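Participant: See data_20.cif below, with mmCIF, N, CA and C atoms and all ligand atoms.
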data_my_file
loop_
_atom_site.label_atom_id
_atom_site.label_comp_id
_atom_site.auth_asym_id
_atom_site.auth_seq_id
_atom_site.Cartn_x
_atom_site.Cartn_y
_atom_site.Cartn_z
N MET E 206 300.96 218.34 81.33
CA MET E 206 301.40 219.73 81.34
C MET E 206 302.52 219.94 82.34
N ASP E 207 303.59 220.53 81.92
CA ASP E 207 304.71 220.74 82.82
C ASP E 207 304.66 222.14 83.40
N ASN E 208 304.42 222.22 84.68
CA ASN E 208 304.40 223.54 85.30
C ASN E 208 305.62 223.72 86.20
N GLY E 209 306.64 222.94 85.96
CA GLY E 209 307.87 223.07 86.72
C GLY E 209 307.84 222.32 88.03
N ILE E 210 306.71 221.71 88.34
CA ILE E 210 306.61 220.95 89.58
C ILE E 210 306.58 219.48 89.22
N SER E 211 307.53 218.74 89.75
CA SER E 211 307.61 217.34 89.39
C SER E 211 306.42 216.59 89.97
N SER E 212 306.00 215.56 89.28
CA SER E 212 304.96 214.71 89.85
C SER E 212 305.59 213.91 90.97
N GLY E 213 304.86 212.99 91.55
CA GLY E 213 305.37 212.35 92.74
C GLY E 213 304.86 213.14 93.92
N ALA E 214 305.75 213.60 94.79
CA ALA E 214 305.30 214.40 95.93
C ALA E 214 305.39 215.87 95.55
N PRO E 215 304.26 216.49 95.26
CA PRO E 215 304.29 217.87 94.79
C PRO E 215 304.44 218.86 95.96
N HIS E 216 304.97 220.01 95.62
CA HIS E 216 305.04 221.11 96.58
C HIS E 216 303.85 222.02 96.33
N CYS E 217 303.28 222.51 97.39
CA CYS E 217 302.16 223.44 97.28
C CYS E 217 302.66 224.77 96.71
N CYS E 218 301.90 225.30 95.73
CA CYS E 218 302.26 226.57 95.10
C CYS E 218 302.19 227.72 96.10
N ASN E 219 301.40 227.55 97.12
CA ASN E 219 301.18 228.67 98.04
C ASN E 219 302.14 228.62 99.21
N CYS E 220 302.16 227.51 99.95
CA CYS E 220 302.97 227.46 101.16
C CYS E 220 304.31 226.76 100.92
N GLY E 221 304.44 226.09 99.77
CA GLY E 221 305.71 225.45 99.45
C GLY E 221 305.91 224.10 100.13
N GLN E 222 304.94 223.68 100.93
CA GLN E 222 305.08 222.41 101.63
C GLN E 222 304.78 221.24 100.69
N LEU E 223 305.44 220.12 100.96
CA LEU E 223 305.07 218.89 100.27
C LEU E 223 303.66 218.52 100.71
N PHE E 224 302.90 218.00 99.78
CA PHE E 224 301.56 217.57 100.18
C PHE E 224 301.18 216.29 99.48
N LYS E 225 300.19 215.62 100.02
CA LYS E 225 299.69 214.38 99.43
C LYS E 225 298.57 214.73 98.48
N ARG E 226 298.63 214.17 97.29
CA ARG E 226 297.59 214.45 96.31
C ARG E 226 296.24 213.94 96.78
N ASN E 227 295.21 214.69 96.43
CA ASN E 227 293.86 214.25 96.69
C ASN E 227 293.47 213.23 95.62
N PRO E 228 293.24 211.98 96.02
CA PRO E 228 292.98 210.93 95.02
C PRO E 228 291.72 211.21 94.20
N ARG E 229 290.81 211.99 94.73
CA ARG E 229 289.57 212.26 94.01
C ARG E 229 289.80 213.08 92.74
N LEU E 230 290.95 213.77 92.68
CA LEU E 230 291.23 214.60 91.51
C LEU E 230 291.72 213.78 90.32
N GLY E 231 292.04 212.50 90.57
CA GLY E 231 292.46 211.63 89.48
C GLY E 231 293.69 212.17 88.79
N ASP E 232 293.60 212.32 87.46
CA ASP E 232 294.75 212.77 86.69
C ASP E 232 294.89 214.28 86.65
N ARG E 233 293.88 214.96 87.16
CA ARG E 233 293.94 216.41 87.08
C ARG E 233 295.08 216.95 87.95
N PRO E 234 295.73 218.00 87.47
CA PRO E 234 296.86 218.53 88.23
C PRO E 234 296.40 219.13 89.56
N GLN E 235 297.21 218.96 90.55
CA GLN E 235 296.90 219.56 91.84
C GLN E 235 298.15 220.30 92.30
N ARG E 236 298.00 221.57 92.55
CA ARG E 236 299.18 222.36 92.85
C ARG E 236 299.13 222.99 94.23
N TYR E 237 298.04 222.70 94.93
CA TYR E 237 297.88 223.30 96.26
C TYR E 237 297.56 222.23 97.27
N CYS E 238 298.04 222.42 98.49
CA CYS E 238 297.69 221.49 99.55
C CYS E 238 296.28 221.81 100.03
N GLU E 239 295.83 221.09 101.04
CA GLU E 239 294.44 221.22 101.47
C GLU E 239 294.23 222.34 102.50
N ASN E 240 295.31 223.03 102.88
CA ASN E 240 295.16 224.12 103.85
C ASN E 240 294.16 225.15 103.37
N ASP E 241 293.39 225.68 104.30
CA ASP E 241 292.38 226.67 103.93
C ASP E 241 293.01 227.86 103.20
N ALA E 242 294.13 228.33 103.73
CA ALA E 242 294.77 229.51 103.14
C ALA E 242 295.22 229.21 101.71
N CYS E 243 295.68 227.99 101.49
CA CYS E 243 296.18 227.62 100.17
C CYS E 243 295.02 227.42 99.20
N GLN E 244 293.92 226.89 99.70
CA GLN E 244 292.73 226.73 98.86
C GLN E 244 292.18 228.10 98.50
N LYS E 245 292.27 229.00 99.44
CA LYS E 245 291.82 230.37 99.19
C LYS E 245 292.70 231.02 98.12
N ALA E 246 293.99 230.77 98.22
CA ALA E 246 294.94 231.30 97.23
C ALA E 246 294.67 230.69 95.86
N ARG E 247 294.32 229.40 95.87
CA ARG E 247 294.02 228.73 94.60
C ARG E 247 292.82 229.38 93.93
N ARG E 248 291.78 229.63 94.73
CA ARG E 248 290.58 230.26 94.16
C ARG E 248 290.89 231.67 93.68
N ALA E 249 291.69 232.38 94.46
CA ALA E 249 292.05 233.75 94.08
C ALA E 249 292.80 233.75 92.76
N ALA E 250 293.71 232.79 92.62
CA ALA E 250 294.50 232.72 91.39
C ALA E 250 293.62 232.36 90.20
N TRP E 251 292.68 231.45 90.45
CA TRP E 251 291.75 231.06 89.39
C TRP E 251 290.96 232.29 88.95
N HIS E 252 290.49 233.02 89.94
CA HIS E 252 289.70 234.22 89.69
C HIS E 252 290.50 235.22 88.87
N GLN E 253 291.74 235.42 89.29
CA GLN E 253 292.62 236.39 88.65
C GLN E 253 292.87 236.00 87.19
N GLN E 254 293.15 234.71 87.01
CA GLN E 254 293.44 234.18 85.68
C GLN E 254 292.22 234.34 84.78
N ARG E 255 291.08 233.99 85.34
CA ARG E 255 289.83 234.04 84.59
C ARG E 255 289.52 235.50 84.24
N TYR E 256 289.74 236.37 85.20
CA TYR E 256 289.49 237.79 85.01
C TYR E 256 290.36 238.32 83.87
N ALA E 257 291.58 237.82 83.79
CA ALA E 257 292.51 238.32 82.79
C ALA E 257 292.21 237.76 81.40
N THR E 258 291.58 236.58 81.33
CA THR E 258 291.45 235.92 80.03
C THR E 258 290.02 235.87 79.51
N SER E 259 289.04 236.07 80.36
CA SER E 259 287.66 235.94 79.90
C SER E 259 286.91 237.27 80.01
N VAL E 260 286.52 237.78 78.84
CA VAL E 260 285.80 239.06 78.84
C VAL E 260 284.45 238.95 79.56
N PRO E 261 283.63 237.92 79.28
CA PRO E 261 282.34 237.83 79.98
C PRO E 261 282.50 237.76 81.50
N PHE E 262 283.52 237.01 81.93
CA PHE E 262 283.76 236.90 83.37
C PHE E 262 284.13 238.25 83.95
N ARG E 263 285.00 238.96 83.24
CA ARG E 263 285.45 240.27 83.70
C ARG E 263 284.26 241.24 83.82
N GLU E 264 283.41 241.21 82.78
CA GLU E 264 282.25 242.10 82.79
C GLU E 264 281.34 241.77 83.97
N ALA E 265 281.17 240.47 84.23
CA ALA E 265 280.30 240.04 85.32
C ALA E 265 280.86 240.52 86.66
N VAL E 266 282.17 240.43 86.81
CA VAL E 266 282.80 240.87 88.07
C VAL E 266 282.62 242.37 88.24
N LYS E 267 282.89 243.11 87.14
CA LYS E 267 282.76 244.57 87.21
C LYS E 267 281.34 244.97 87.60
N LYS E 268 280.40 244.26 87.02
CA LYS E 268 279.00 244.55 87.29
C LYS E 268 278.70 244.31 88.78
N ARG E 269 279.21 243.19 89.29
CA ARG E 269 279.02 242.89 90.71
C ARG E 269 279.62 243.97 91.58
N VAL E 270 280.81 244.44 91.20
CA VAL E 270 281.47 245.48 91.99
C VAL E 270 280.64 246.75 91.98
N ARG E 271 280.10 247.09 90.79
CA ARG E 271 279.27 248.30 90.69
C ARG E 271 278.05 248.18 91.58
N ILE E 272 277.40 247.02 91.53
CA ILE E 272 276.21 246.80 92.34
C ILE E 272 276.57 246.91 93.81
N GLY E 273 277.72 246.32 94.17
CA GLY E 273 278.20 246.38 95.55
C GLY E 273 278.40 247.81 95.99
N ARG E 274 279.00 248.62 95.12
CA ARG E 274 279.25 250.03 95.46
C ARG E 274 277.95 250.76 95.68
N ARG E 275 276.98 250.49 94.78
CA ARG E 275 275.70 251.16 94.91
C ARG E 275 275.04 250.79 96.22
N ALA E 276 275.20 249.50 96.59
CA ALA E 276 274.59 249.03 97.83
C ALA E 276 275.20 249.72 99.04
N GLN E 277 276.45 250.16 98.90
CA GLN E 277 277.11 250.84 100.02
C GLN E 277 276.52 252.22 100.26
N GLY E 278 275.73 252.70 99.35
CA GLY E 278 275.05 253.96 99.55
C GLY E 278 275.44 254.98 98.51
N ALA E 279 274.59 255.94 98.35
CA ALA E 279 274.78 256.94 97.30
C ALA E 279 275.88 257.93 97.65
N ALA E 280 276.36 257.90 98.89
CA ALA E 280 277.36 258.87 99.33
C ALA E 280 278.63 258.77 98.49
N ASN E 281 278.94 257.55 98.04
CA ASN E 281 280.18 257.35 97.29
C ASN E 281 280.04 257.64 95.80
N GLU E 282 278.87 258.00 95.40
CA GLU E 282 278.60 258.09 93.97
C GLU E 282 279.50 259.08 93.26
N ASP E 283 279.92 260.12 93.98
CA ASP E 283 280.78 261.13 93.36
C ASP E 283 282.12 260.55 92.91
N ASP E 284 282.57 259.49 93.59
CA ASP E 284 283.87 258.90 93.25
C ASP E 284 283.81 258.11 91.96
N GLU E 285 282.60 257.75 91.54
CA GLU E 285 282.49 256.84 90.40
C GLU E 285 282.58 257.58 89.09
N PRO E 286 283.24 256.95 88.12
CA PRO E 286 283.18 257.53 86.78
C PRO E 286 281.74 257.50 86.28
N ALA E 287 281.43 258.35 85.31
CA ALA E 287 280.03 258.58 84.95
C ALA E 287 279.38 257.40 84.24
N GLY E 288 279.15 256.33 84.94
CA GLY E 288 278.34 255.24 84.42
C GLY E 288 279.03 254.36 83.40
N GLU E 289 278.30 253.36 82.93
CA GLU E 289 278.89 252.33 82.10
C GLU E 289 279.34 252.86 80.74
N SER E 290 278.48 253.68 80.13
CA SER E 290 278.82 254.15 78.80
C SER E 290 279.22 255.63 78.87
N GLY E 291 279.82 255.99 79.98
CA GLY E 291 280.20 257.38 80.19
C GLY E 291 281.37 257.79 79.32
N PRO E 292 281.85 259.01 79.51
CA PRO E 292 282.97 259.50 78.70
C PRO E 292 284.26 258.76 79.02
N GLU E 293 285.24 258.91 78.17
CA GLU E 293 286.57 258.34 78.38
C GLU E 293 287.13 258.83 79.71
N PRO E 294 287.92 257.99 80.40
CA PRO E 294 288.55 258.46 81.63
C PRO E 294 289.49 259.64 81.33
N ALA E 295 289.66 260.50 82.33
CA ALA E 295 290.54 261.65 82.15
C ALA E 295 291.96 261.18 81.89
N PRO E 296 292.78 262.00 81.20
CA PRO E 296 294.16 261.60 80.89
C PRO E 296 294.95 261.19 82.12
N VAL E 297 294.69 261.89 83.23
CA VAL E 297 295.45 261.56 84.44
C VAL E 297 295.11 260.15 84.91
N ILE E 298 293.86 259.75 84.72
CA ILE E 298 293.45 258.39 85.10
C ILE E 298 294.14 257.38 84.19
N LEU E 299 294.13 257.67 82.90
CA LEU E 299 294.79 256.77 81.94
C LEU E 299 296.27 256.63 82.27
N GLN E 300 296.86 257.75 82.66
CA GLN E 300 298.29 257.75 83.01
C GLN E 300 298.53 256.88 84.24
N LEU E 301 297.64 257.05 85.24
CA LEU E 301 297.76 256.24 86.46
C LEU E 301 297.60 254.76 86.14
N GLN E 302 296.62 254.46 85.28
CA GLN E 302 296.40 253.06 84.90
C GLN E 302 297.65 252.49 84.24
N ALA E 303 298.26 253.28 83.36
CA ALA E 303 299.48 252.82 82.68
C ALA E 303 300.59 252.59 83.69
N GLN E 304 300.70 253.50 84.66
CA GLN E 304 301.74 253.36 85.69
C GLN E 304 301.51 252.12 86.53
N LEU E 305 300.23 251.90 86.88
CA LEU E 305 299.89 250.73 87.68
C LEU E 305 300.24 249.45 86.92
N GLN E 306 299.92 249.46 85.63
CA GLN E 306 300.21 248.30 84.80
C GLN E 306 301.72 248.05 84.75
N GLU E 307 302.47 249.13 84.63
CA GLU E 307 303.92 249.04 84.59
C GLU E 307 304.45 248.47 85.91
N MET E 308 303.88 248.93 87.03
CA MET E 308 304.28 248.42 88.34
C MET E 308 303.96 246.94 88.46
N GLY E 309 302.78 246.57 87.93
CA GLY E 309 302.39 245.17 87.95
C GLY E 309 303.41 244.32 87.20
N LEU E 310 303.84 244.82 86.05
CA LEU E 310 304.84 244.10 85.25
C LEU E 310 306.15 244.00 86.03
N LEU E 311 306.50 245.09 86.69
CA LEU E 311 307.73 245.12 87.47
C LEU E 311 307.70 244.06 88.57
N PHE E 312 306.59 244.05 89.32
CA PHE E 312 306.47 243.09 90.42
C PHE E 312 306.47 241.66 89.88
N THR E 313 305.74 241.46 88.80
CA THR E 313 305.67 240.12 88.22
C THR E 313 307.06 239.66 87.80
N GLY E 314 307.80 240.57 87.14
CA GLY E 314 309.15 240.24 86.71
C GLY E 314 310.05 239.93 87.88
N MET E 315 309.95 240.75 88.93
CA MET E 315 310.78 240.53 90.13
C MET E 315 310.46 239.19 90.76
N ALA E 316 309.15 238.93 90.90
CA ALA E 316 308.75 237.67 91.53
C ALA E 316 309.27 236.49 90.72
N SER E 317 309.14 236.60 89.40
CA SER E 317 309.60 235.51 88.54
C SER E 317 311.11 235.33 88.67
N HIS E 318 311.82 236.45 88.69
CA HIS E 318 313.27 236.40 88.80
C HIS E 318 313.70 235.78 90.12
N ASN E 319 313.05 236.16 91.20
CA ASN E 319 313.45 235.71 92.53
C ASN E 319 313.07 234.27 92.81
N THR E 320 311.97 233.83 92.21
CA THR E 320 311.48 232.50 92.56
C THR E 320 311.75 231.48 91.46
N GLY E 321 312.03 231.96 90.25
CA GLY E 321 312.21 231.03 89.15
C GLY E 321 310.90 230.52 88.58
N ILE E 322 309.77 231.04 89.11
CA ILE E 322 308.46 230.61 88.61
C ILE E 322 308.18 231.32 87.29
N VAL E 323 307.74 230.57 86.29
CA VAL E 323 307.36 231.21 85.03
C VAL E 323 305.88 230.99 84.71
N ASP E 324 305.24 230.15 85.49
CA ASP E 324 303.83 229.87 85.29
C ASP E 324 303.00 231.07 85.76
N GLY E 325 302.12 231.56 84.91
CA GLY E 325 301.35 232.77 85.20
C GLY E 325 300.52 232.67 86.46
N VAL E 326 299.83 231.56 86.62
CA VAL E 326 298.96 231.41 87.77
C VAL E 326 299.79 231.33 89.05
N ALA E 327 300.85 230.55 89.01
CA ALA E 327 301.71 230.42 90.19
C ALA E 327 302.31 231.79 90.55
N LEU E 328 302.63 232.56 89.53
CA LEU E 328 303.17 233.90 89.78
C LEU E 328 302.13 234.81 90.42
N ALA E 329 300.91 234.69 89.94
CA ALA E 329 299.83 235.50 90.50
C ALA E 329 299.68 235.20 91.99
N ILE E 330 299.81 233.95 92.34
CA ILE E 330 299.71 233.55 93.75
C ILE E 330 300.88 234.10 94.53
N CYS E 331 302.03 234.01 93.92
CA CYS E 331 303.24 234.52 94.55
C CYS E 331 303.06 236.00 94.87
N LEU E 332 302.53 236.75 93.91
CA LEU E 332 302.32 238.18 94.11
C LEU E 332 301.29 238.43 95.21
N GLU E 333 300.25 237.59 95.22
CA GLU E 333 299.22 237.73 96.25
C GLU E 333 299.84 237.50 97.63
N ARG E 334 300.79 236.56 97.69
CA ARG E 334 301.46 236.30 98.97
C ARG E 334 302.30 237.49 99.39
N TYR E 335 302.95 238.11 98.42
CA TYR E 335 303.70 239.33 98.75
C TYR E 335 302.76 240.38 99.32
N ALA E 336 301.62 240.54 98.66
CA ALA E 336 300.65 241.55 99.12
C ALA E 336 300.16 241.22 100.53
N GLU E 337 299.93 239.93 100.75
CA GLU E 337 299.47 239.47 102.07
C GLU E 337 300.51 239.83 103.13
N ARG E 338 301.75 239.57 102.78
CA ARG E 338 302.85 239.88 103.69
C ARG E 338 302.90 241.39 103.98
N GLY E 339 302.74 242.17 102.91
CA GLY E 339 302.72 243.62 103.07
C GLY E 339 301.60 244.08 104.00
N ARG E 340 300.43 243.47 103.82
CA ARG E 340 299.29 243.83 104.68
C ARG E 340 299.58 243.49 106.13
N ARG E 341 300.18 242.32 106.34
CA ARG E 341 300.51 241.92 107.72
C ARG E 341 301.48 242.90 108.34
N LEU E 342 302.50 243.28 107.59
CA LEU E 342 303.49 244.23 108.11
C LEU E 342 302.84 245.56 108.47
N GLN E 343 301.94 245.99 107.60
CA GLN E 343 301.25 247.25 107.84
C GLN E 343 300.41 247.17 109.11
N GLN E 344 299.75 246.03 109.29
CA GLN E 344 298.93 245.86 110.48
C GLN E 344 299.77 245.90 111.75
N LYS E 345 300.97 245.32 111.67
CA LYS E 345 301.85 245.31 112.83
C LYS E 345 302.25 246.73 113.21
N GLN E 346 302.49 247.55 112.17
CA GLN E 346 302.93 248.91 112.43
C GLN E 346 301.81 249.78 112.98
N ALA E 347 300.60 249.45 112.62
CA ALA E 347 299.47 250.28 113.03
C ALA E 347 299.21 250.18 114.54
ZN ZN E 401 299.81 224.94 100.92
#
Mind turning this structure into structure tokens?

Facilitator:
Amino acid sequence: MDNGISSGAPHCCNCGQLFKRNPRLGDRPQRYCENDACQKARRAAWHQQRYATSVPFREAVKKRVRIGRRAQGAANEDDEPAGESGPEPAPVILQLQAQLQEMGLLFTGMASHNTGIVDGVALAICLERYAERGRRLQQKQA
């Protein structure tokens, strides 16, 4: 599979550093170095990809999130839409969702344009790195 990264000495998708392949992976592709942050990014990208492509996985994640919210206490219950089989979201919510999706497309396109990456997973990581950078900047300002 060609993901734009030449075999031989690969560059990490996350930090961009050259890294040595883990021999235990055999022929399987390896796109991340062994750094904790990069492994974390790899898992995040896997999660994101899986979430986007697998309905059962997505449902399981949503369920976990709901359970997590409930565990946080009933105080937040007012913020939640009315349950699993509740009514359709309000038009304003649908509009916001559409706008968010549009923004996501915008960012994805920008990231792809700026980096030359066309691989979906690598792009997802790239976007996560942008978000990470944004969070760091925000923390500095606070
Ligand atoms: Zn790395």

Participant: By how many Å are atom CA of Arg229 of chain E and atom CA of Ala246 of chain E apart?

Facilitator: 20.0 Å

Participant: Select, counting only C-alpha atoms, all protein, DNA and RNA residues no farther than 10 Å from (283.4, 233.4, 87.9) in file coordinates, and express the selection as a ChimeraX atom specification.

Facilitator: /E:251-253,255-256,259,261-263,265-266

Participant: Could you list, as a compact mmCIF listing (two decimals) with N, CA and C atoms, keeping the file's coordinate frame, all protein and nucleic acid residues with an atom at most 5 Å from ligand ZN 401 (chain E), counting only N, CA and C atoms and all ligand atoms?

Facilitator:
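Final output, saved to result.txt:
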# COMPACT_ATOMS: atom_id res chain seq x y z
N CYS E 217 303.28 222.51 97.39
CA CYS E 217 302.16 223.44 97.28
C CYS E 217 302.66 224.77 96.71
N ASN E 219 301.40 227.55 97.12
CA ASN E 219 301.18 228.67 98.04
C ASN E 219 302.14 228.62 99.21
N CYS E 220 302.16 227.51 99.95
CA CYS E 220 302.97 227.46 101.16
C CYS E 220 304.31 226.76 100.92
N GLY E 221 304.44 226.09 99.77
CA GLY E 221 305.71 225.45 99.45
C GLY E 221 305.91 224.10 100.13
N CYS E 238 298.04 222.42 98.49
CA CYS E 238 297.69 221.49 99.55
C CYS E 238 296.28 221.81 100.03
N CYS E 243 295.68 227.99 101.49
CA CYS E 243 296.18 227.62 100.17
C CYS E 243 295.02 227.42 99.20

Participant: Output as a count of residues only all residues of chain E that backbone DSSP marks as alpha helix (DSSP H).

Facilitator: 82

Participant: If we count all atoms listed in the file, what is near segment 323-328 of chain E at a cut-off of 7 Å, once residues fewer than 3 positions away on the same chain are taken out, given as a PyMOL selection string?

Facilitator: chain E and resi 208+218+250-251+254+313+316-317+320+331-333

Participant: What does the distance from atom CA of Glu239 of chain E to atom CA of Arg340 of chain E come to in Å, to one decimal?

Facilitator: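 Atom CA of Arg340 of chain E lies at a distance of 23.3 Å from atom CA of Glu239 of chain E.
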
Participant: As an exercise, work out the distance from atom N of Arg247 of chain E to atom CA of Ile330 of chain E in Å and give it to one decimal place.

Facilitator: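 Spanning atom N of Arg247 of chain E to atom CA of Ile330 of chain E is a straight-line distance of 7.1 Å.
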
Participant: Should you be able to, write segment 209-237 of chain E of this structure into a file that contains N, CA and C atoms, as a compact mmCIF listing (two decimals), in the first residue's frame.

Facilitator:
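So part.txt came out as:
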# COMPACT_ATOMS: atom_id res chain seq x y z
N GLY E 209 2.39 7.30 0.41
CA GLY E 209 3.21 8.47 0.15
C GLY E 209 4.50 8.48 0.94
N ILE E 210 4.68 7.49 1.79
CA ILE E 210 5.90 7.43 2.58
C ILE E 210 6.74 6.29 2.05
N SER E 211 7.94 6.61 1.63
CA SER E 211 8.77 5.58 1.03
C SER E 211 9.19 4.57 2.09
N SER E 212 9.37 3.34 1.67
CA SER E 212 9.91 2.35 2.59
C SER E 212 11.37 2.68 2.80
N GLY E 213 12.08 1.85 3.51
CA GLY E 213 13.43 2.22 3.88
C GLY E 213 13.35 2.90 5.23
N ALA E 214 13.86 4.12 5.34
CA ALA E 214 13.77 4.82 6.61
C ALA E 214 12.53 5.71 6.59
N PRO E 215 11.48 5.29 7.27
CA PRO E 215 10.23 6.03 7.21
C PRO E 215 10.24 7.25 8.14
N HIS E 216 9.43 8.21 7.78
CA HIS E 216 9.22 9.37 8.64
C HIS E 216 7.96 9.13 9.46
N CYS E 217 8.00 9.52 10.70
CA CYS E 217 6.83 9.39 11.56
C CYS E 217 5.74 10.35 11.10
N CYS E 218 4.50 9.83 11.02
CA CYS E 218 3.36 10.65 10.60
C CYS E 218 3.09 11.77 11.60
N ASN E 219 3.49 11.57 12.81
CA ASN E 219 3.13 12.54 13.84
C ASN E 219 4.21 13.60 14.02
N CYS E 220 5.45 13.17 14.30
CA CYS E 220 6.49 14.14 14.60
C CYS E 220 7.38 14.41 13.38
N GLY E 221 7.25 13.59 12.34
CA GLY E 221 8.01 13.83 11.12
C GLY E 221 9.45 13.34 11.19
N GLN E 222 9.84 12.78 12.33
CA GLN E 222 11.21 12.30 12.47
C GLN E 222 11.39 10.96 11.75
N LEU E 223 12.62 10.74 11.27
CA LEU E 223 12.96 9.42 10.78
C LEU E 223 12.93 8.46 11.96
N PHE E 224 12.47 7.26 11.71
CA PHE E 224 12.50 6.29 12.81
C PHE E 224 12.87 4.92 12.30
N LYS E 225 13.28 4.07 13.22
CA LYS E 225 13.64 2.70 12.88
C LYS E 225 12.40 1.84 13.03
N ARG E 226 12.14 1.02 12.02
CA ARG E 226 10.97 0.15 12.09
C ARG E 226 11.09 -0.84 13.23
N ASN E 227 9.95 -1.13 13.83
CA ASN E 227 9.89 -2.17 14.83
C ASN E 227 9.86 -3.53 14.12
N PRO E 228 10.90 -4.34 14.30
CA PRO E 228 10.98 -5.60 13.55
C PRO E 228 9.82 -6.54 13.87
N ARG E 229 9.21 -6.39 15.03
CA ARG E 229 8.12 -7.28 15.41
C ARG E 229 6.89 -7.10 14.52
N LEU E 230 6.80 -5.94 13.85
CA LEU E 230 5.64 -5.69 13.00
C LEU E 230 5.73 -6.41 11.66
N GLY E 231 6.92 -6.96 11.36
CA GLY E 231 7.07 -7.71 10.12
C GLY E 231 6.76 -6.85 8.91
N ASP E 232 5.86 -7.35 8.06
CA ASP E 232 5.53 -6.64 6.83
C ASP E 232 4.48 -5.56 7.03
N ARG E 233 3.89 -5.54 8.21
CA ARG E 233 2.82 -4.57 8.41
C ARG E 233 3.38 -3.15 8.37
N PRO E 234 2.59 -2.23 7.81
CA PRO E 234 3.09 -0.86 7.69
C PRO E 234 3.25 -0.22 9.07
N GLN E 235 4.26 0.57 9.20
CA GLN E 235 4.45 1.31 10.45
C GLN E 235 4.67 2.77 10.09
N ARG E 236 3.84 3.61 10.62
CA ARG E 236 3.91 5.01 10.20
C ARG E 236 4.23 5.95 11.35
N TYR E 237 4.42 5.35 12.52
CA TYR E 237 4.69 6.19 13.69
C TYR E 237 5.92 5.69 14.40
